[in-house]
>>> print(open('entry08.cif').read())   # mmCIF, C-alpha atoms
data_my_file
#
loop_
_atom_site.label_atom_id
_atom_site.label_comp_id
_atom_site.auth_asym_id
_atom_site.auth_seq_id
_atom_site.Cartn_x
_atom_site.Cartn_y
_atom_site.Cartn_z
CA MET T 101 -4.95 11.73 55.51
CA ILE T 102 -3.09 13.74 52.87
CA GLU T 103 -1.91 10.57 51.13
CA ALA T 104 -5.47 9.21 51.04
CA LEU T 105 -6.71 12.49 49.57
CA GLU T 106 -3.95 12.43 46.94
CA LYS T 107 -4.84 8.87 45.98
CA LYS T 108 -8.51 9.84 45.71
CA MET T 109 -7.66 12.79 43.46
CA GLU T 110 -5.35 10.61 41.37
CA ALA T 111 -8.13 8.06 40.90
CA LEU T 112 -10.46 10.87 39.85
CA ASP T 113 -7.96 12.21 37.30
CA SER T 114 -6.99 8.81 35.88
CA PRO T 115 -8.65 7.78 32.62
CA GLY T 116 -9.91 4.49 34.03
CA LEU T 117 -10.13 0.98 32.63
CA LEU T 118 -13.05 1.84 30.36
CA PHE T 119 -10.97 4.42 28.52
CA GLU T 120 -7.84 2.26 28.47
CA TRP T 121 -9.47 -0.88 27.10
CA GLY T 122 -11.83 1.12 24.92
CA VAL T 123 -8.89 2.72 23.09
CA LYS T 124 -7.18 -0.65 22.70
CA CYS T 125 -10.32 -2.30 21.33
CA LEU T 126 -10.95 0.67 19.05
CA LEU T 127 -7.49 0.40 17.50
CA CYS T 128 -7.92 -3.34 16.88
CA ALA T 129 -11.47 -2.97 15.55
CA ALA T 130 -10.48 -0.11 13.24
CA PHE T 131 -7.55 -2.11 11.86
CA PHE T 132 -9.59 -5.21 11.07
CA GLU T 133 -12.47 -3.10 9.74
CA LEU T 134 -10.01 -1.47 7.34
CA ILE T 135 -8.71 -4.84 6.18
CA LEU T 136 -11.99 -6.77 5.95
CA TYR T 137 -14.55 -4.13 4.99
CA ARG T 138 -12.80 -1.32 3.15
CA LEU T 139 -10.14 -3.44 1.39
CA VAL T 140 -11.15 -7.12 1.17
CA SER T 141 -14.75 -6.33 0.20
CA ARG T 142 -13.47 -4.04 -2.57
CA LEU T 143 -11.12 -6.78 -3.68
CA GLY T 144 -14.15 -9.06 -3.93
CA MET T 145 -15.78 -6.53 -6.27
CA HIS T 146 -12.61 -6.49 -8.36
CA LEU T 147 -12.65 -10.30 -8.53
CA SER T 148 -16.38 -10.59 -9.25
CA LYS T 149 -15.84 -12.89 -12.25
CA LEU T 150 -13.78 -15.29 -10.15
CA ALA T 151 -16.40 -15.19 -7.37
CA ALA T 152 -19.16 -15.96 -9.88
CA LYS T 153 -17.21 -18.95 -11.16
CA TYR T 154 -16.31 -20.48 -7.79
CA GLU T 155 -18.96 -20.68 -5.06
CA ALA T 156 -16.39 -21.05 -2.29
CA VAL T 157 -14.72 -17.78 -3.30
CA ARG T 158 -18.08 -15.97 -3.28
CA ILE T 159 -19.03 -17.33 0.14
CA GLY T 160 -15.60 -16.48 1.51
CA PHE T 161 -15.73 -12.86 0.37
CA GLN T 162 -19.34 -12.53 1.55
CA THR T 163 -18.43 -13.83 5.00
CA LEU T 164 -15.42 -11.54 5.33
CA SER T 165 -17.45 -8.54 4.16
CA SER T 166 -20.21 -9.29 6.69
CA LEU T 167 -17.64 -9.56 9.47
CA GLY T 168 -16.09 -6.30 8.31
CA PHE T 169 -19.49 -4.60 8.41
CA LEU T 170 -19.95 -5.72 12.02
CA LEU T 171 -16.52 -4.31 12.85
CA LEU T 172 -17.48 -1.05 11.15
CA ASN T 173 -20.44 -0.66 13.50
CA LEU T 174 -18.31 -1.64 16.49
CA THR T 175 -15.68 0.93 15.49
CA ALA T 176 -18.32 3.66 15.21
CA ILE T 177 -19.71 2.83 18.67
CA LEU T 178 -16.25 2.80 20.26
CA VAL T 179 -15.33 6.13 18.67
CA PHE T 180 -18.46 7.69 20.20
CA LEU T 181 -17.65 6.12 23.57
CA ILE T 182 -14.03 7.29 23.71
CA LEU T 183 -14.86 10.79 22.48
CA GLY T 184 -17.55 11.01 25.16
CA ILE T 185 -15.07 9.97 27.86
CA VAL T 186 -12.53 12.53 26.64
CA LEU T 187 -15.11 15.33 26.70
CA VAL T 188 -16.25 14.40 30.22
CA GLN T 189 -12.68 14.22 31.51
CA LYS T 190 -11.80 17.54 29.90
CA PHE T 191 -14.72 19.07 31.77
CA ARG T 192 -13.89 17.39 35.11
CA THR T 193 -10.10 17.63 35.43
CA ARG T 194 -7.30 20.02 34.49
CA ILE T 195 -4.99 17.21 33.40
CA TRP T 196 -7.02 16.57 30.28
CA ALA T 197 -7.69 20.25 29.60
CA GLY T 198 -6.22 22.05 26.61
CA ASN T 199 -5.69 25.71 25.84
CA TRP T 200 -8.34 25.72 23.12
CA ASP T 201 -11.01 23.63 24.84
CA LYS T 202 -13.48 26.51 24.79
CA PHE T 203 -13.68 25.89 21.04
CA VAL T 204 -12.76 22.21 20.84
CA MET T 205 -15.37 20.91 23.28
CA PRO T 206 -18.45 22.67 21.78
CA LEU T 207 -17.42 21.79 18.21
CA THR T 208 -16.80 18.15 19.16
CA ALA T 209 -20.15 17.90 20.94
CA LEU T 210 -21.89 19.52 17.97
CA LEU T 211 -20.18 17.12 15.57
CA LEU T 212 -21.34 14.15 17.65
CA VAL T 213 -24.90 15.50 17.76
CA CYS T 214 -24.91 15.97 13.98
CA THR T 215 -23.61 12.43 13.49
CA ILE T 216 -26.36 10.97 15.68
CA GLY T 217 -28.98 13.14 14.00
CA PHE T 218 -27.90 12.04 10.54
CA LEU T 219 -28.48 8.42 11.58
CA PHE T 220 -32.20 9.15 11.89
CA PHE T 221 -32.45 11.88 9.24
CA PRO T 222 -30.02 11.11 6.40
CA PRO T 223 -28.36 14.36 5.32
CA ALA T 224 -28.88 15.93 1.94
CA MET T 225 -26.15 17.90 0.19
CA LEU T 226 -26.54 20.84 2.57
CA GLY T 227 -26.07 18.58 5.61
CA THR T 228 -22.87 17.18 4.13
CA VAL T 229 -21.49 20.68 3.57
CA VAL T 230 -22.32 21.75 7.15
CA TYR T 231 -20.75 18.58 8.57
CA ASN T 232 -17.54 19.11 6.59
CA ILE T 233 -17.28 22.75 7.68
CA LEU T 234 -17.74 21.77 11.35
CA ALA T 235 -15.10 19.05 11.05
CA PHE T 236 -12.68 21.41 9.31
CA GLY T 237 -13.09 24.07 12.00
CA LEU T 238 -12.54 21.51 14.77
CA LEU T 239 -9.39 20.19 13.09
CA ILE T 240 -8.00 23.73 12.89
CA PHE T 241 -8.26 24.24 16.67
CA LEU T 242 -6.80 20.79 17.40
CA VAL T 243 -3.81 21.49 15.14
CA VAL T 244 -3.27 24.93 16.71
CA GLU T 245 -3.33 23.32 20.17
CA TYR T 246 -0.82 20.69 19.06
CA TRP T 247 1.54 23.29 17.62
CA GLY T 248 1.33 25.31 20.81
CA ASP T 249 2.31 22.31 22.96
CA HIS T 250 4.96 20.73 20.69
CA ARG T 251 8.07 22.67 19.71
CA LEU T 252 9.93 20.12 17.59
CA PHE T 253 9.95 20.98 13.91
CA SER T 254 9.49 17.33 12.93
CA GLN T 255 6.31 16.99 15.01
CA ARG T 256 4.89 20.26 13.71
CA LEU T 257 5.70 19.17 10.16
CA LEU T 258 3.92 15.87 10.74
CA VAL T 259 0.66 17.37 11.97
CA GLY T 260 0.82 20.26 9.52
CA SER T 261 1.27 17.94 6.54
CA PHE T 262 -1.52 15.68 7.76
CA PHE T 263 -3.89 18.61 8.26
CA LEU T 264 -3.18 20.10 4.83
CA GLY T 265 -3.58 16.66 3.27
CA ILE T 266 -6.98 16.07 4.86
CA SER T 267 -7.92 19.64 3.96
CA GLY T 268 -7.34 18.78 0.30
CA TRP T 269 -9.95 16.03 0.52
CA ILE T 270 -12.39 18.21 2.52
CA TYR T 271 -12.06 20.98 -0.07
CA TYR T 272 -12.61 18.52 -2.91
CA GLN T 273 -15.70 17.00 -1.30
CA THR T 274 -17.22 20.24 0.00
CA ILE T 275 -16.80 22.37 -3.14
CA SER T 276 -18.02 19.56 -5.38
CA THR T 277 -21.11 19.15 -3.18
CA VAL T 278 -21.77 22.91 -3.20
CA TYR T 279 -21.61 22.96 -7.00
CA GLY T 280 -24.03 20.04 -7.13
CA LEU T 281 -26.35 21.79 -4.67
CA MET T 282 -26.38 24.90 -6.87
CA ASN T 283 -26.85 22.83 -10.06
CA ILE T 284 -23.62 24.17 -11.55
CA LEU T 285 -22.32 21.78 -14.20
CA ASP T 286 -18.85 23.31 -14.53
CA ALA T 287 -15.94 21.71 -12.71
CA PRO T 288 -15.11 23.47 -9.41
CA PRO T 289 -11.80 25.36 -9.37
CA LEU T 290 -8.68 23.40 -8.44
CA VAL T 291 -10.55 20.42 -6.96
CA HIS T 292 -8.48 17.78 -8.73
CA GLU T 293 -5.24 19.63 -8.02
CA ALA T 294 -6.18 19.97 -4.34
CA ASN T 295 -7.12 16.29 -4.18
CA ARG T 296 -3.79 15.16 -5.64
CA LEU T 297 -1.78 17.57 -3.51
CA GLY T 298 -3.63 16.37 -0.43
CA GLU T 299 -2.77 12.75 -1.20
CA ALA T 300 0.90 13.65 -1.62
CA LEU T 301 0.91 15.49 1.71
CA MET T 302 -0.71 12.51 3.43
CA VAL T 303 2.05 10.25 2.10
CA LEU T 304 4.63 12.78 3.28
CA ALA T 305 3.04 12.84 6.74
CA SER T 306 3.14 9.03 6.97
CA ILE T 307 6.89 9.15 6.30
CA VAL T 308 7.55 12.06 8.69
CA VAL T 309 5.84 10.03 11.46
CA PHE T 310 9.06 8.02 11.79
CA TRP T 311 11.16 11.18 12.13
CA ALA T 312 8.83 12.77 14.66
CA TYR T 313 8.02 9.84 16.96
CA GLY T 314 9.83 6.64 16.04
CA SER T 315 13.35 7.46 14.95
CA THR T 316 16.52 5.90 16.32
CA SER T 317 19.50 8.24 16.48
CA ILE T 318 22.75 7.36 14.68
CA PHE T 319 24.51 10.20 16.53
CA THR T 320 24.82 8.46 19.88
CA LYS T 321 27.54 6.88 22.00
CA ASN T 322 25.43 3.76 22.45
CA LYS T 323 26.92 1.31 19.94
CA GLN T 324 23.83 -0.89 19.83
CA GLN T 325 21.53 2.03 19.03
CA ARG T 326 23.97 3.39 16.46
CA LYS T 327 24.24 -0.01 14.78
CA TRP T 328 20.46 -0.40 14.72
CA GLY T 329 20.00 3.09 13.29
CA LEU T 330 22.55 2.54 10.51
CA THR T 331 21.07 -0.87 9.65
CA LEU T 332 17.59 0.59 9.46
CA LEU T 333 18.74 3.51 7.32
CA LEU T 334 20.75 1.40 4.85
CA SER T 335 18.24 -1.43 4.47
CA GLY T 336 15.34 0.99 4.12
CA GLY T 337 17.22 3.04 1.54
CA ILE T 338 18.07 -0.02 -0.56
CA VAL T 339 14.47 -1.29 -0.53
CA PHE T 340 13.13 2.18 -1.36
CA LEU T 341 15.47 2.62 -4.35
CA GLY T 342 14.70 -0.92 -5.53
CA LEU T 343 10.95 -0.24 -5.52
CA LEU T 344 11.43 3.20 -7.06
CA PHE T 345 13.25 1.79 -10.10
CA MET T 346 11.49 -1.59 -10.15
CA ASP T 347 9.57 -0.83 -13.34
CA PHE T 348 12.78 0.20 -15.13
CA PHE T 349 14.61 -2.96 -14.09
CA LEU T 350 11.69 -5.20 -15.03
CA SER T 351 11.30 -3.51 -18.41
CA TRP T 352 14.97 -4.08 -19.09
CA TRP T 353 14.85 -7.70 -17.91
CA ASP T 354 11.45 -8.87 -19.19
CA PRO T 355 8.99 -6.41 -20.82
CA GLN T 356 6.10 -8.87 -20.57
CA MET T 357 6.63 -9.32 -16.83
CA ALA T 358 6.79 -5.54 -16.42
CA LEU T 359 3.42 -5.25 -18.18
CA GLU T 360 1.85 -7.84 -15.88
CA VAL T 361 3.22 -6.06 -12.82
CA ARG T 362 1.72 -2.77 -14.04
CA LYS T 363 -1.68 -4.41 -14.48
CA ALA T 364 -1.49 -5.92 -10.99
CA GLY T 365 -0.51 -2.52 -9.62
CA GLU T 366 -3.55 -0.93 -11.25
CA GLY T 367 -5.79 -3.51 -9.57
CA VAL T 368 -4.22 -2.89 -6.17
CA GLY T 369 -4.52 0.86 -6.71
CA TRP T 370 -8.23 0.51 -7.49
CA VAL T 371 -8.83 -1.42 -4.25
CA PHE T 372 -7.05 1.20 -2.14
CA GLN T 373 -8.74 4.06 -3.98
CA MET T 374 -12.18 2.63 -3.23
CA GLY T 375 -11.29 1.72 0.36
CA MET T 376 -9.05 4.58 1.52
CA GLY T 377 -9.04 7.21 -1.23
CA TYR T 378 -5.44 6.76 -2.36
CA THR T 379 -5.09 6.80 -6.16
CA PHE T 380 -1.43 5.64 -6.20
CA TYR T 381 -0.47 8.28 -8.75
CA LEU T 382 2.87 8.72 -6.97
CA PRO T 383 5.64 6.12 -7.37
CA PHE T 384 4.73 2.97 -5.45
CA ALA T 385 7.93 3.21 -3.38
CA PHE T 386 6.65 6.30 -1.55
CA TYR T 387 3.48 4.52 -0.41
CA VAL T 388 5.49 1.52 0.82
CA ALA T 389 7.89 3.83 2.65
CA GLY T 390 5.00 5.68 4.28
CA PHE T 391 3.29 2.48 5.39
CA THR T 392 6.54 1.04 6.78
CA CYS T 393 7.42 4.20 8.73
CA TRP T 394 3.88 4.54 10.07
CA ALA T 395 3.53 0.86 11.05
CA TYR T 396 6.92 0.75 12.83
CA THR T 397 6.21 3.94 14.77
CA VAL T 398 2.69 2.97 15.81
CA ILE T 399 3.75 -0.50 16.98
CA LYS T 400 6.68 0.97 18.92
CA LEU T 401 4.55 3.60 20.67
CA VAL T 402 1.67 1.23 21.44
CA LEU T 403 4.02 -1.31 23.02
CA ILE T 404 5.29 1.30 25.50
CA GLY T 405 1.79 2.63 26.22
CA ARG T 406 2.06 6.00 24.46
CA LEU T 407 -1.27 7.58 23.58
CA ALA T 408 0.44 9.02 20.51
CA GLY T 409 0.65 5.50 19.08
CA TYR T 410 -3.11 5.05 19.30
CA GLY T 411 -3.70 8.55 17.94
CA LEU T 412 -1.43 8.08 14.93
CA GLY T 413 -2.93 4.68 14.28
CA LEU T 414 -6.49 6.05 14.17
CA MET T 415 -5.56 9.11 12.11
CA PHE T 416 -3.97 7.18 9.26
CA MET T 417 -6.27 4.14 9.36
CA ALA T 418 -9.15 6.52 8.66
CA GLY T 419 -7.60 6.90 5.23
CA TYR T 420 -7.42 9.89 2.92
CA ALA T 421 -11.04 9.94 1.75
CA LEU T 422 -13.25 10.40 4.84
CA GLN T 423 -16.32 8.94 3.17
CA LEU T 424 -18.04 7.87 6.41
CA SER T 425 -18.72 9.99 9.49
CA HIS T 426 -16.94 7.63 11.89
CA LEU T 427 -13.74 8.08 9.85
CA THR T 428 -13.90 11.83 10.46
CA LEU T 429 -14.41 11.17 14.18
CA MET T 430 -11.39 8.84 14.16
CA VAL T 431 -9.22 11.68 12.85
CA VAL T 432 -10.60 14.04 15.51
CA LEU T 433 -9.98 11.51 18.29
CA GLY T 434 -6.50 10.76 16.97
CA LEU T 435 -5.48 14.42 17.17
CA MET T 436 -6.97 14.65 20.68
CA LEU T 437 -4.88 11.67 21.79
CA LEU T 438 -1.77 13.30 20.33
CA ASN T 439 -2.49 16.40 22.40
CA ILE T 440 -3.08 14.36 25.58
CA ASP T 441 0.00 12.17 25.02
CA LYS T 442 2.45 14.56 26.66
CA ARG T 443 0.61 14.17 29.99
CA GLY T 444 1.40 10.48 30.44
CA SER T 445 0.97 6.93 29.21
CA LEU T 446 -2.26 5.09 28.47
CA GLY T 447 -2.50 3.45 31.87
CA ARG T 448 -1.83 6.55 33.92
CA LEU T 449 -1.81 10.28 33.26
CA LYS T 450 0.67 12.35 35.22
CA LYS T 451 -0.29 15.19 37.50
CA LYS T 452 -0.04 18.54 35.74
CA VAL T 453 2.51 20.14 38.06
CA THR T 454 4.17 22.13 35.29
CA ASP T 455 3.48 22.76 31.66
CA GLY T 456 6.60 20.84 30.65
CA ILE T 457 6.39 17.82 28.39
CA ILE T 458 6.41 14.53 30.31
CA TYR T 459 8.07 12.63 27.49
CA GLN T 460 11.30 14.09 26.23
CA PRO T 461 11.27 14.51 22.44
CA ILE T 462 12.90 11.68 20.53
CA ARG T 463 16.10 12.80 18.83
CA PRO T 464 15.63 12.33 15.08
CA VAL T 465 17.97 10.26 12.93
CA TYR T 466 19.69 13.31 11.51
CA GLY T 467 19.94 15.24 14.74
CA GLN T 468 17.66 17.39 16.88
CA SER T 469 15.48 20.02 15.24
CA GLN T 470 14.00 22.83 17.22
#
>>> encode(input="entry08.cif", output="structure tokens")
Amino acid sequence: MIEALEKKMEALDSPGLLFEWGVKCLLCAAFFELILYRLVSRLGMHLSKLAAKYEAVRIGFQTLSSLGFLLLNLTAILVFLILGIVLVQKFRTRIWAGNWDKFVMPLTALLLVCTIGFLFFPPAMLGTVVYNILAFGLLIFLVVEYWGDHRLFSQRLLVGSFFLGISGWIYYQTISTVYGLMNILDAPPLVHEANRLGEALMVLASIVVFWAYGSTSIFTKNKQQRKWGLTLLLSGGIVFLGLLFMDFFLSWWDPQMALEVRKAGEGVGWVFQMGMGYTFYLPFAFYVAGFTCWAYTVIKLVLIGRLAGYGLGLMFMAGYALQLSHLTLMVVLGLMLLNIDKRGSLGRLKKKVTDGIIYQPIRPVYGQSQ
């Protein structure tokens, strides 16, 4: 009788197949939407002369852009679905509950209502400002909850850098909109500085992801792990230094080739700026390092069923410039999944017997930080 009751309660507390497969489909849809709609379609704009010359190129880009637009709508629907499931489960069970849910749940519900309302009544400048302020307030409570549950310095640095980076974009967008609403022609204070600092912090966060969640320790008695850690550190360092000084080496070897590489880099930077908000004003090596660290960590965590992998994937695939409402919701959902991650894997959440962390923190490459 007791065992049957425990199984019934466990089934009630479990996220269910809808949540599990919804998160998986959302991650895949968001990834392909990023590639096809926000990047490939912008590349088609950059290659407009080539598309006008060759009909096959034009049809190809048009097809990929249309498919990307369908994925954009699918991503938006799935984000609404998963956020709705999370809110319902937070209300029903203690396993999903957080210490700041009395603020997180109303703000999330209000943000969803505003998003739906703006579909029928497109927001003016004032609506954009209100939406950004709501999103910023919600992100504050999610970050505070994460810091309260996670004690590792590397994990706090990750979320703190990400939050400050996104805050730079929110400040830039909100203050610029307020100035436009008030018909002030002067440039808002520190908007460009905040925007650039925010981008740098986002790149820093993408690198710290590896330290916080995906690192392999070189201070271990396991020879295989130590060998893998040293190989990863040395190979990554060589590639990073090579990319960092690539322009210098090319200029020394062939100035004309260096000029062509710079022009190609400007084209790539334009595509990513239009699609994700990154201006690539930092050395290219830092962006490659951030992408590599983020991709390795997300793949590793997703393969073992960690909700943190899905959360980190959604947070960074949203990009730096949250130009669409579903991108803001992806960041919100990603932080929620990071907060839920300590309670179990994707397929099954553990019973909340104690407040201890289910997953032991991963020891960073350069030792444990508390």
>>> resolve_selection(input="entry08.cif", expression="the PyMOL selection byres ((chain T and resi 128-136) around 9)", output="PyMOL selection string")
chain T and resi 123-127+137-141+164-172+174-176+178+375-376+413-414+417-419
>>> resolve_selection(input="entry08.cif", expression="the PyMOL selection byres ((chain T and resi 272) around 10)", output="list in words")
Ile266, Ser267, Gly268, Trp269, Ile270, Tyr271, Gln273, Thr274, Ile275, Ser276, Thr277, Pro288, Pro289, Leu290, Val291, His292, Glu293, Ala294, Asn295, Arg296, Gly298 and Ala421 of chain T
>>> resolve_selection(input="entry08.cif", expression="the PyMOL selection byres ((chain T and resi 432-440) around 6)", output="list in words")
Tyr246, Leu407, Ala408, Gly411, Leu414, Met415, Leu429, Met430, Val431, Asp441, Lys442 and Arg443 of chain T
>>> atom_distance(input="entry08.cif", atom1="atom CA of T:Ser425", atom2="atom CA of T:Val230")
12.5 Å
>>> axis_aligned_box(input="entry08.cif", around="stretch 170-184 of chain T", padding_each_side="3 Å", output="AutoDock Vina command-line options")
--center_x -17.2 --center_y 2.6 --center_z 18.2 --size_x 12.4 --size_y 22.7 --size_z 20.0
>>> closest_residue(input="entry08.cif", among="T:Ile284, T:Thr215, T:Phe253, T:Leu117", to="T:Ile177", atoms="all atoms listed in the file")
T:Thr215
>>> atom_distance(input="entry08.cif", atom1="atom CA of T:Leu219", atom2="atom CA of T:His426")
11.6 Å
>>> atom_distance(input="entry08.cif", atom1="atom CA of T:Gly260", atom2="atom CA of T:Val188")
27.5 Å
>>> residues_around(input="entry08.cif", residues="stretch 299-312 of chain T", least_positions_apart="3", cutoff="7 Å", atoms="only C-alpha atoms", output="list in words")
Ser254, Gln255, Leu258, Ser261, Phe262, Leu264, Gly265, Asn295, Arg296, Ser315, Tyr378, Tyr387, Ala389, Gly390, Phe391, Cys393, Trp394, Thr397, Tyr420, Pro464 and Val465 of chain T
>>> closest_residue(input="entry08.cif", among="T:Leu118, T:Gly377, T:Phe161, T:Tyr313", to="T:His250", atoms="all atoms listed in the file")
T:Tyr313
